[in-house]
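Asks: Have a look at this one.
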Amino acid sequence: MNQTIKKALCLLFAGMLFFQVSLPRAWALDDVSEDVSVADTELLEESAAQEEAITVSSSKSLNVAYHSQAEILAFINAHPAGAYDNVVFSESPSLWNTYKSGTLSQGTLQSALNMVNQCRYIAGISSNIQLNSTYSKQTSAAALLNALNGKLSHTPARPAVLSSSSYNSLYKTGYQAASRSNLAMGYSCLNSAILDGWMFDGDSSNISTLGHRRWILNPTMKKTGFGAASNYYTMYALDSSGGKSGKVVAWPAQEMPLQYFGPYDPWSISFDNSVNRSVSVTLTRQSDGRVWSFSSNKADGDFYISNAGYGQHGCIIFRPRNLNDIYSGDIFKVQVTQGTSTIVSYQVRFFSLYDRATALATSSVNNKTTTLSKTTLSSVTNAKGKKITVKWKKNTSGSGYQVQYSTDKTFKTGAKTVTIKKKGTTSTTISKLTKGKTYYVRIRTTKGSSHSAWSTAKSVKISK
């Protein structure tokens, strides 16, 4: 196949991330066979050329910008975005009677953009991505179509309620944008979809390619847009107006905040060209010398090579088995080899943003530094009526609390937050839970926009 045509097709199919749809991990898509077979065909055509694949990097170290922990903290403070920032519309979408896509508020758009730029800055690539109003309008229409259909699709069917010709433009706009966007549903907000969905990408439908993460960390991206309707979220992904790449992009990055990466997240290294399937990866933890080895023949965990062209062309993906926990100060060495040659070697050092902020969250209030200490959970118990009673010790360093609960012990999926506005309050009740499910609960101190680190989580099973 002509290589120019082949690359164009690969990018097109990569954009139609039907099997790359990001959902809360408990959810799954059933109708994925058609697009998976398309992508598989593309990969099969490339497999014959794998023996002649270009060596992924002539450099033995990452060629992205290095940012210190202090620089990362400063960038995040200058570009604030909370993982659970509320979604606010300047014009709400309408899903009944007169159907129309909504417009996200400037604050919500800026928060989502900041979240994307934070991730890119940490990774060492361009972090001045700009909002494009056309992209946001298009992705808003895509979110509406998926919400009306009640399912995610990069090629959404025309909803019956939009059968009137007066909706032709809306459907065309949304259909085209759906094939060019990251899609998600079921998350508590847009920023959660970005961080806990697309940047995680570790569920069974996505881990073999990490398409969403690779689009967000595409070095050639310059512009994007966001949309939302109900709990459906979209991000324009196929912009490449930022020029050429040539970068080797790793996630987790060389200096990695724990708040952006957990022990169950897959590791990835993406390249601007194909990756030979004969490469091997060695991951070594400095603290105890433990080694995880990965290759196509044998792997201490998940291991994939993807040359499907999501953003950059090639990607090495691995997830160490039984890593279980990552702590602030942990250092890992990553070495990629092909035969006796080292392709790339680098070090990842994890840290907590709270540690960098003098071990406690601090903020300046009336030119005085306010220090917020952790709040301690006393008990988490199941109450009658599928409820949880949460109790904690009073903490006078802040003005209130945030209680977070989820069926996911990592709190990356489906986490919900209850805000307590009075520091004297020491208990709350959470209702409308699911019988038979185990819930994990944690708490942190708050004051204004500042907060402490989360407490150690407690778990409880709903039995009554």
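In the structure tokens, each chain is lettered A, B, ... as it comes, each chain's residues begin at 1, and ligands are numbered from 1 in order of appearance.
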Looking only at helix (DSSP H, G or I) from DSSP on the backbone, list the matching residues of segment 88-254 of chain A as a VMD selection string.

Replies: chain A and resid 106 to 123 133 to 149 160 to 162 165 to 178 190 to 198 211 to 216

Asks: Could you pull the residues within 8 Å of Asp300 of chain A, counting only C-alpha atoms, minus those fewer than 6 positions along the same chain, as JSON, numbers by chain?

Replies: {"A": [292, 293, 294, 320, 321]}

Asks: Applying 9 Å and only C-alpha atoms, which residues near Lys422 of chain A remain after dropping the ones on its own chain fewer than 6 positions away? List them as an NGL selection string.

Replies: :A and (399-401)

Asks: Can you measure atom CA of Gly314 of chain A to atom CA of Leu217 of chain A for me? One decimal in Å is fine.

Replies: 12.9 Å

Asks: Once you count only C-alpha atoms, what closest atom pair and distance in Å to one decimal does each residue of segment 166-200 of chain A within 8 Å of segment 410-413 of chain A have, with rows by chain and rising residue number, as a tab-separated table?

Replies:
residue	atom	partner	partner_atom	distance
A:Tyr187	CA	A:Thr413	CA	7.1
A:Asp196	CA	A:Lys412	CA	5.1
A:Gly197	CA	A:Thr413	CA	7.7

Asks: How would the residues just picked look written out with all heavy atoms as a short mmCIF file (atom, residue, chain, number, x, y, z; two decimals), in the first residue's frame?

Replies:
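Writing done, so here's out_16.cif:
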data_model
loop_
_atom_site.label_atom_id
_atom_site.label_comp_id
_atom_site.auth_asym_id
_atom_site.auth_seq_id
_atom_site.Cartn_x
_atom_site.Cartn_y
_atom_site.Cartn_z
N TYR A 187 -18.65 9.83 34.08
CA TYR A 187 -17.77 10.49 35.04
C TYR A 187 -18.50 11.64 35.72
O TYR A 187 -19.48 12.18 35.19
CB TYR A 187 -16.50 10.97 34.35
CG TYR A 187 -15.63 9.83 33.90
CD1 TYR A 187 -15.76 9.29 32.63
CD2 TYR A 187 -14.72 9.23 34.77
CE1 TYR A 187 -15.00 8.21 32.22
CE2 TYR A 187 -13.95 8.16 34.38
CZ TYR A 187 -14.10 7.64 33.10
OH TYR A 187 -13.35 6.57 32.72
N ASP A 196 -9.15 10.85 35.01
CA ASP A 196 -9.46 9.50 35.46
C ASP A 196 -9.87 8.58 34.31
O ASP A 196 -9.86 7.36 34.48
CB ASP A 196 -10.59 9.53 36.49
CG ASP A 196 -10.25 10.40 37.69
OD1 ASP A 196 -9.06 10.50 38.01
OD2 ASP A 196 -11.18 10.97 38.29
N GLY A 197 -10.27 9.18 33.19
CA GLY A 197 -10.68 8.38 32.05
C GLY A 197 -9.63 8.33 30.97
O GLY A 197 -8.91 7.35 30.80
#

Asks: I'd like the neighbourhood of segment 452-464 of chain A as a VMD selection string, where a residue qualifies if any of its atoms comes within 9 Å (using only C-alpha atoms), though same-chain residues fewer than 2 positions away should be ignored.

Replies: chain A and resid 354 359 to 362 371 to 377 379 to 388 398 409 433 to 447 450

Asks: Measuring between only C-alpha atoms, which one of A:Leu152, A:Ala157, A:Met221, A:Ala237 shows the shortest distance to Ala177 of chain A?

Replies: A:Ala237
